[in-house]
Each structure stands twice: as structure tokens, then as C-alpha cells.
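Peer 1: Pasting in a structure now, in C-alpha cells, and then I'll have a few things to ask.
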Amino acid sequence: MAATGAATADSSAEPVERPAPPAPSGRDLRLDLFRGLALWFIFLNHVPNNVANWITNRNFGFSDATEIFVFISGYTAAMVYGRQLDSSGVMVTSARILRRAWQLYVAFIFLFVIYLAEISYVVGSFENPLYAEEMGALQFLAEPDVALVQALLLKFRPANMDVLPLYIVLLATFPPILWALKRWADATLAASFLLWLAVQVWGFNLTGYPDDRTWFFNPFGWQFMFVFGGWCGLGGSDRLAGLVHSRIILALSVLYLVLSLAVVTSWYWPPMEGFVPEAIGNIIYPISKTDLSVLRFAHFLALAVVVVRLIPVHSPFLYWRLLKPMIICGQHSLEVFCFGVFLSFAAHFVLNEVSGTVFMQLTLSVAGIAFMVGLSALLSWYARAERDRAARKRAG
Amino acid sequence: MCAAPSVLTRAGFALPRLARSLERKEPTTILVVNSATLPKRAGSSKSGPAIPGKPPTAGRRSFPSYIEETLRARYPEGGIVVTTRHEPRATAETILGALPAVLEETRPALMIWQTGTYDAILGADTSAFSDAVDTGIGYAHRAGADVILVSPQYSPRTAFAFDAAAYNNALRWAARLGGVPLFDRYAIMRFWADEGIFDFDTARPSPSLFDDVHSCIGRLLVGMIVDGVDLRTLGSR
């Protein structure tokens, strides 16, 4: 089925970030597959106290689903909009990117309203002196006059919704970056790297709300992952092929992944507790997610090297029917991401209000993923129907 | 009822300063620095020393008062006083500013430092948090006090809004680095919830939940204190 939709996909001029179903030659299905997987993991990680989030990659290494999501988003954004830049020009392409950022902004506000509703409900229904402080904090967040304005300014970003403001900022600033990437790819990447490096050294960040809390995902740090993805998407990955396929790099990557696995298990598995020597710990801790620490970035690179090695572009594995749901989720990343945030609120609500048993946690995890797949199937169907209608109109 | 896995209740590090003070049977002060607000019925949440033997107003007792009671029974000579500083809505960094003065004033042999809750609520930077804890441990040691760190509560109802897990990790590491015991309240409460010992997320909690949980935490903390004191004694013999 993937192949049949392909011919129509390329002819469609729909200015969306994803050129829906894959073209047999062009589209790298691995991007969709792993973005889909990242979206599932982000959903699972966002349901607190859920046994199912033990399977996600954050428990097995320094980096987590966010790195995958941001990298692939940069990659596909540069690929798709880069192509449009050639055909439609800078102004039109920039307008399309900004429209996408606007859609994300609206989605963020929508999700924020749902979040406020949940907070208000919990505060109103839960009287437990044990949690006086925690509840007090929620009450504070539930002051809608302040919280709403701060949210509109992207300053107030409740946990779980942090990726969205980051993505909005990355996309909104993407037009000039894309233009620069097309002209001076390496220089742009180097500038992005220097900005990231400056963050590692001086640690500046955007401010947030409440008080002086800063952005959980520092855009000055995370932009490097996005720009690096974009650089790869515009041909950089082909230039890296030699490196990626070198045996030494592969060996180093595997070694790094194993070490990182050992360090991470030492955080939660008592037998491993003394694994990290103090001298090393002093240097590597804390591993900052906020600023995209070099250890996390390196872990993502190592993971990418191994994955690219294990799964070549046209691996038959990618056409396996069972992977189809994951791939279509990756092809509708914006909608599925937002829906995933909504589903994680809902799942949290059910776990607390109805039942929090392990069976319920697993059921909700599976059901949530099923809903995400259902939504993306619906979106694929709708996009196809629209395309057919447009084609008929042109023909008639 | 107050059972918890022994990995969570062992001290792991000695408490030599407290042990010395107890050995000499001197009056011994234990300072509890607590970022938590007292429940509404317990009156104002302003800081101030707990009146020995008299729990704050309307009958709710938080874990420090249980510590005093149990420790006094265990070490009757000398006299143990537990002093509490409630600093609600304070991050570890905020506390640092006042800490030297508080230590100077109270001269404790042991500081029990509960921190991380407000940092988690604010989403404070975890590296700044662990640096602050590290510095705080240094202040206490220089003022002649041992330290036990206490992690935030496990709070399933509010976990969607702020998650203490990252701050717990930071605390665990800061404790190891500073060579001080960590009372992992989060993990212990999580254990209780998983084992069905307490129900933390019901909409109608039993009236005794607060007292039960705090008395258990007090009792387990005393176990950890005694463990830390004995570690030193064993080592010095």
C-alpha cells in the first residue's frame, strides 16, 4: 500500500511538512519509522507512574526520544522545505514554514486549556493534607489570569508540553536558517555548533514562568540538533556515509552505547550502584537535558550510527506490515504529537481517578498508541481522498 | 506498617559528629530544614522551632516531632532537641542564603535537610539544584553538623504537573558525592503505594493518613540515624 500512494504523493503540491506516503526512491522510510517510535515513546514517558515507560530508550542510555524527534524533524523540514525553496522561492517557502509554526502555536494553546482543566479539577477535588505543598503549587498555577498570559507568551510551559514550545521556536526561526543552510551548509552548521557550545560554557537560556524558571528545553542548545538534522537532510548525511560505515566509528559507537547503558542502569538498579567512580561522576554529572549535554548528543550520534548500520535504506524490514502503524504515525508527526500529549493527560486522569493497577497502565498505554495510529490512518485516508478529488477536478 | 526495603533505610555513610555528641552525652540539637508547608490545620506555615513535646496546634504531627520522641527514648541522657525550620516555597538555592545563619544560631550536630519539592515544582535547573545541595552539605560540615538528605514526597496526583524523579537522581548523586546518607522518601512512599500499604491518590484519604505517614517516616529516619551513628562507633573500635 505504501508504494501505491507514492506516485500521487509527489505530484501533489500540498505544502505540508511531510510528503505523505513514501516515494519508492526518494523518501527514507526510516525517518518516518523512528519518528513514529519516538512519538510513541514520548507518549509513554508522559504518563507518570506507568510501567510501560520502562521499555522506552531513556532507560537504556543518555539520550531519549526527544533527540530522535528533534533530529528527524529538522531533517524532514530541511528536505521538504528545501525542495520547495528551489521550486517556489524564498518568500513562499518562508510563509509556509511560518504557517506551520502558527498551527503548532494554536495546538499548544489548545492543549494548554485542557491541561488547565485537569489542574483545576485535581485542585478542586483533592483534599489531602499530606500534599499541602504540592497542591498549593497547583493552585498557584491555576490562577488563570496570569497563567494564560504567560502561556500565550510561551513562557509557561507545563511539564509534558515542553517539546512543543521548543518546536515552535525552532520552526519560527527556521526560514533564515534554511536559506543559509542551502547556501553555506557547513558554515551554518558551524555557527549553530558554536551557539550550542556557548550554551554549554555559559548556560544562558530563555526565561519562563513562574519565578525565574527557564525553558526546560533550551532553544539555544537544542537548535543544534535541529540544524544538524537539517544539514543531514540537505545532503550532509551522504557526505557522512564514509564515517558512518567505518568500522572504527561503529566500534566506538557500540562501546559508547554499552558504557552509557551501564551508567544509566546504575541510577535505578542497586547492584550497579557503585559503577560510576566519583572522579568520573564529578566530570560527567549532571547530564543536562535542558542544554542538550554533549554526552546526550554523542549518545544520539552513536545510536544513529548503529541503527543506520543495522537497517539500510531499502531494508525489506521497513516494508514489514507490522511496522506500518509506526510509520504512518511518523508521517503525521504534528497531529500525532499533540494528540499524544492529550492522551497522556487523559491516561493520567484515568489512572488516578479510576484505577492505577498495572493491568490498567498497560491497557491505557496500548490503547493510547492505538488511538495515535487510528488518528494517523484517518489523516492518511483524508489526505488521499483530498488528493483524488483534486486530481478528478483537474481531469474534469 | 512502616516496613521498607533495607536498601532504602540503611545509612550507608557514618554520622561521626552526631555520634560524638551523643557519646559525650551533651545536649544535642538536630535541625530539620524542611521545604514543605504544614497542613492548614496546623496553623501558620512560618518557620520557627517546634516546641519540644508539644506538636503544633491542632494535633497534626509531622515527622520531626516523631524523630524527637523516638530519639529521646533511645538516648535519654544528654537531651536531644529537634528544631525545625520550615521554608515553604524555597528551592535549595534559596535556602543556601539563610543556611549559615541558621546553623550558627542552632549549632546542630545533625541537619536533616528535606529539599527538592519546590525545585521540582518550579522546574529549576537540576545542575544548579545539585550544586546548591553540595554547597549546603559543605556549610553544615564546616559548622560541625552531619547531614541526612531527604527527598521529596511521592505524589501520584500531581506527577503530571511536576515530576520529582530528576531531582531525586540529583539528590542521590549529591548525597554520594558529599558522603552523607540519603533518606529516599520518594522511593519509600512509592514502595508503600505499590505494596498497597498506603493509598496516596484516593480522593478521600483516611483522616489518619497524614499522621501515619509522618510517624512512619519519622521512625524510619530514626532507624537511619541510629544506623549512621553505629557505623561510626563500629569503625572507631
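Residue numbers start at 1 in each chain; chains themselves are named A, B, ... in the order of the C-alpha cells; ligands are numbered from 1 in the order shown.
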Would you list which chain A residues are within 8 Å of chain B using only C-alpha atoms, as a VMD selection string?

Peer 2: chain A and resid 46 to 49 122 125 to 135 137 to 138 158 to 160 210 to 211 213 to 214 216 267 278 285 to 286 288 290 345 348 352 to 353

Peer 1: Hey, can you spit out that residue selection with C-alpha atoms as a PDB file, in the first residue's frame?

Peer 2:
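File written: out_27.pdb
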ATOM      1  CA  HIS A  46       4.478  11.356  29.618  1.00  0.00           C
ATOM      2  CA  VAL A  47       2.130   9.095  31.530  1.00  0.00           C
ATOM      3  CA  PRO A  48       3.548   9.286  35.058  1.00  0.00           C
ATOM      4  CA  ASN A  49       3.786   6.113  37.123  1.00  0.00           C
ATOM      5  CA  VAL A 122      -7.480  17.986  40.659  1.00  0.00           C
ATOM      6  CA  SER A 125     -11.444  17.502  44.142  1.00  0.00           C
ATOM      7  CA  PHE A 126      -8.406  16.508  46.116  1.00  0.00           C
ATOM      8  CA  GLU A 127      -8.129  17.372  49.771  1.00  0.00           C
ATOM      9  CA  ASN A 128      -5.163  15.588  51.283  1.00  0.00           C
ATOM     10  CA  PRO A 129      -3.125  17.314  53.975  1.00  0.00           C
ATOM     11  CA  LEU A 130      -0.135  15.171  53.082  1.00  0.00           C
ATOM     12  CA  TYR A 131       0.192  17.087  49.840  1.00  0.00           C
ATOM     13  CA  ALA A 132      -0.482  20.586  51.096  1.00  0.00           C
ATOM     14  CA  GLU A 133       2.599  21.956  49.386  1.00  0.00           C
ATOM     15  CA  GLU A 134       2.145  20.206  46.064  1.00  0.00           C
ATOM     16  CA  MET A 135      -1.484  21.273  45.915  1.00  0.00           C
ATOM     17  CA  ALA A 137       1.698  24.924  43.861  1.00  0.00           C
ATOM     18  CA  LEU A 138      -1.076  23.729  41.569  1.00  0.00           C
ATOM     19  CA  PRO A 158       3.706  22.814  31.904  1.00  0.00           C
ATOM     20  CA  ALA A 159       5.722  19.615  32.050  1.00  0.00           C
ATOM     21  CA  ASN A 160       4.940  17.264  29.161  1.00  0.00           C
ATOM     22  CA  PRO A 210       6.672  31.046  37.276  1.00  0.00           C
ATOM     23  CA  ASP A 211       9.509  32.877  39.002  1.00  0.00           C
ATOM     24  CA  ARG A 213      12.447  29.184  35.888  1.00  0.00           C
ATOM     25  CA  THR A 214      13.957  28.803  32.459  1.00  0.00           C
ATOM     26  CA  PHE A 216      13.185  23.127  30.057  1.00  0.00           C
ATOM     27  CA  TRP A 267      20.802   5.105  38.514  1.00  0.00           C
ATOM     28  CA  GLU A 278      33.478   9.521  41.854  1.00  0.00           C
ATOM     29  CA  TYR A 285      27.212  14.807  36.158  1.00  0.00           C
ATOM     30  CA  PRO A 286      24.748  16.310  35.887  1.00  0.00           C
ATOM     31  CA  SER A 288      21.863  18.274  31.247  1.00  0.00           C
ATOM     32  CA  THR A 290      17.931  21.297  29.259  1.00  0.00           C
ATOM     33  CA  PHE A 345      -3.293  13.750  30.231  1.00  0.00           C
ATOM     34  CA  HIS A 348      -3.023  10.098  33.850  1.00  0.00           C
ATOM     35  CA  ASN A 352      -5.709   8.423  39.269  1.00  0.00           C
ATOM     36  CA  GLU A 353      -9.456   8.652  39.218  1.00  0.00           C
TER      37      GLU A 353
END

Peer 1: Please identify all polymer residues within 12 Å of Ala95 of chain A, counting only C-alpha atoms, omitting same-chain residues fewer than 4 positions from it, and present them as a list in words.

Peer 2: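 Residues near the query, excluding close chain neighbours: Pro15, Val16, Tyr81, Gln84, Leu85, Ser88, Gly89, Val90, Met91, Arg99, Arg100, Ala101, Trp102, Leu171, Ala172, Thr173, Phe174, Pro175 and Pro176 of chain A.
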
Peer 1: Would you put the residues from that selection into a file with N, CA and C atoms, as a short mmCIF file (atom, residue, chain, number, x, y, z; two decimals), in the first residue's frame?

Peer 2:
data_model
loop_
_atom_site.label_atom_id
_atom_site.label_comp_id
_atom_site.auth_asym_id
_atom_site.auth_seq_id
_atom_site.Cartn_x
_atom_site.Cartn_y
_atom_site.Cartn_z
N PRO A 15 1.46 21.95 0.58
CA PRO A 15 2.65 22.43 1.26
C PRO A 15 2.70 21.98 2.72
N VAL A 16 2.77 20.71 2.95
CA VAL A 16 2.91 20.26 4.32
C VAL A 16 4.30 19.72 4.50
N TYR A 81 11.11 21.52 2.83
CA TYR A 81 11.09 22.96 2.54
C TYR A 81 12.26 23.35 1.65
N GLN A 84 11.07 22.94 -1.74
CA GLN A 84 10.13 24.00 -2.09
C GLN A 84 10.85 25.32 -2.34
N LEU A 85 11.94 25.50 -1.61
CA LEU A 85 12.72 26.72 -1.79
C LEU A 85 13.19 26.83 -3.23
N SER A 88 9.52 27.12 -5.33
CA SER A 88 8.58 28.22 -5.10
C SER A 88 9.23 29.51 -4.64
N GLY A 89 10.50 29.46 -4.32
CA GLY A 89 11.16 30.69 -3.89
C GLY A 89 11.16 30.87 -2.38
N VAL A 90 11.96 31.84 -1.96
CA VAL A 90 12.19 32.03 -0.52
C VAL A 90 10.94 32.52 0.19
N MET A 91 10.26 33.53 -0.40
CA MET A 91 9.14 34.14 0.31
C MET A 91 8.03 33.14 0.57
N ARG A 99 3.49 29.39 8.62
CA ARG A 99 2.13 28.91 8.82
C ARG A 99 2.14 27.65 9.67
N ARG A 100 3.12 26.80 9.41
CA ARG A 100 3.26 25.57 10.19
C ARG A 100 3.52 25.89 11.66
N ALA A 101 4.39 26.89 11.89
CA ALA A 101 4.69 27.29 13.27
C ALA A 101 3.44 27.83 13.94
N TRP A 102 2.64 28.56 13.19
CA TRP A 102 1.39 29.09 13.72
C TRP A 102 0.43 27.97 14.11
N LEU A 171 10.87 26.16 14.49
CA LEU A 171 10.26 26.34 13.17
C LEU A 171 10.14 27.82 12.81
N ALA A 172 9.75 28.63 13.79
CA ALA A 172 9.54 30.05 13.50
C ALA A 172 10.84 30.73 13.08
N THR A 173 11.96 30.23 13.58
CA THR A 173 13.24 30.84 13.20
C THR A 173 13.89 30.10 12.04
N PHE A 174 13.18 29.10 11.51
CA PHE A 174 13.81 28.25 10.51
C PHE A 174 14.01 28.90 9.14
N PRO A 175 13.11 29.81 8.67
CA PRO A 175 13.30 30.34 7.31
C PRO A 175 14.71 30.86 7.02
N PRO A 176 15.24 31.79 7.84
CA PRO A 176 16.61 32.24 7.52
C PRO A 176 17.64 31.13 7.63
#

Peer 1: Within 10 Å of Val199 of chain A, counting only C-alpha atoms, which residues qualify if same-chain residues fewer than 6 places away don't, as a PDB file with N, CA and C atoms, in the first residue's frame?

Peer 2:
ATOM      1  N   PHE A 193      26.755  25.119  15.799  1.00  0.00           N
ATOM      2  CA  PHE A 193      27.588  24.397  16.765  1.00  0.00           C
ATOM      3  C   PHE A 193      28.181  25.367  17.788  1.00  0.00           C
ATOM      4  N   ASN A 205      19.841  30.996  28.719  1.00  0.00           N
ATOM      5  CA  ASN A 205      18.597  30.342  28.327  1.00  0.00           C
ATOM      6  C   ASN A 205      17.499  31.396  28.300  1.00  0.00           C
ATOM      7  N   ASN A 218      16.278  24.165  26.349  1.00  0.00           N
ATOM      8  CA  ASN A 218      16.919  25.421  25.970  1.00  0.00           C
ATOM      9  C   ASN A 218      17.026  25.518  24.446  1.00  0.00           C
ATOM     10  N   PRO A 219      16.291  26.454  23.837  1.00  0.00           N
ATOM     11  CA  PRO A 219      16.304  26.514  22.361  1.00  0.00           C
ATOM     12  C   PRO A 219      17.686  26.809  21.794  1.00  0.00           C
ATOM     13  N   PHE A 220      18.515  27.545  22.557  1.00  0.00           N
ATOM     14  CA  PHE A 220      19.859  27.846  22.066  1.00  0.00           C
ATOM     15  C   PHE A 220      20.735  26.594  22.017  1.00  0.00           C
ATOM     16  N   GLY A 221      20.424  25.639  22.882  1.00  0.00           N
ATOM     17  CA  GLY A 221      21.165  24.385  22.847  1.00  0.00           C
ATOM     18  C   GLY A 221      20.564  23.414  21.841  1.00  0.00           C
ATOM     19  N   TRP A 222      19.234  23.277  21.903  1.00  0.00           N
ATOM     20  CA  TRP A 222      18.581  22.261  21.078  1.00  0.00           C
ATOM     21  C   TRP A 222      18.545  22.618  19.603  1.00  0.00           C
ATOM     22  N   ASP A 291      20.145  21.741  28.366  1.00  0.00           N
ATOM     23  CA  ASP A 291      21.083  22.361  27.434  1.00  0.00           C
ATOM     24  C   ASP A 291      21.561  21.403  26.354  1.00  0.00           C
ATOM     25  N   LEU A 292      21.004  20.198  26.288  1.00  0.00           N
ATOM     26  CA  LEU A 292      21.463  19.169  25.366  1.00  0.00           C
ATOM     27  C   LEU A 292      22.952  18.913  25.591  1.00  0.00           C
ATOM     28  N   SER A 293      23.238  18.242  26.689  1.00  0.00           N
ATOM     29  CA  SER A 293      24.634  17.987  27.063  1.00  0.00           C
ATOM     30  C   SER A 293      25.350  17.191  25.978  1.00  0.00           C
TER      31      SER A 293
END

Peer 1: For atom CA of Val92 of chain A and atom CA of Thr76 of chain A, determine how far apart the two atoms are, in Å to one decimal place.

Peer 2: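 Interatomic distance, atom CA of Val92 of chain A to atom CA of Thr76 of chain A: 17.9 Å.
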
Peer 1: Of the residues A:Ser266, A:Pro312, A:Val163, A:Ala190, which is the one nearest to Val244 of chain A, using only C-alpha atoms?

Peer 2: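 Of all the options, A:Pro312 lies closest to Val244 of chain A.
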
Peer 1: Can you tell me, as a list in words, which residues in segment 13-218 of chain B count as strand (DSSP E or B) by DSSP?

Peer 2: Thr28, Thr29, Ile30, Leu31, Val32, Val33, Asn34, Ile80, Val81, Val82, Thr83, Thr84, Arg85, His86, Leu110, Met111, Ile112, Trp113, Gln114, Asp146, Val147, Ile148, Leu149, Val150, Leu182 and Phe183 of chain B

Peer 1: Please produce a file of the residues just selected, as a tab-separated table (two decimals), in the first residue's frame, where the atoms kept are C-alpha atoms.

Peer 2:
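Once written, part29.tsv looks like this:
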chain	number	residue	atom	x	y	z
B	28	THR	CA	22.33	17.56	71.14
B	29	THR	CA	20.41	19.62	68.63
B	30	ILE	CA	19.01	18.14	65.45
B	31	LEU	CA	17.99	20.69	62.87
B	32	VAL	CA	15.30	19.80	60.36
B	33	VAL	CA	15.26	22.06	57.33
B	34	ASN	CA	12.00	21.40	55.63
B	80	ILE	CA	18.01	15.79	72.35
B	81	VAL	CA	16.23	18.76	70.88
B	82	VAL	CA	14.78	18.77	67.38
B	83	THR	CA	14.47	22.21	65.86
B	84	THR	CA	12.53	22.69	62.66
B	85	ARG	CA	12.90	25.36	60.02
B	86	HIS	CA	10.03	25.39	57.63
B	110	LEU	CA	22.85	16.75	62.64
B	111	MET	CA	20.98	18.58	59.93
B	112	ILE	CA	18.13	16.70	58.28
B	113	TRP	CA	17.60	18.52	55.00
B	114	GLN	CA	14.42	17.91	53.09
B	146	ASP	CA	26.32	15.83	59.94
B	147	VAL	CA	23.75	15.80	57.18
B	148	ILE	CA	20.96	13.47	56.11
B	149	LEU	CA	19.23	14.46	52.88
B	150	VAL	CA	15.52	13.76	52.50
B	182	LEU	CA	20.04	9.98	51.70
B	183	PHE	CA	16.61	9.21	53.06
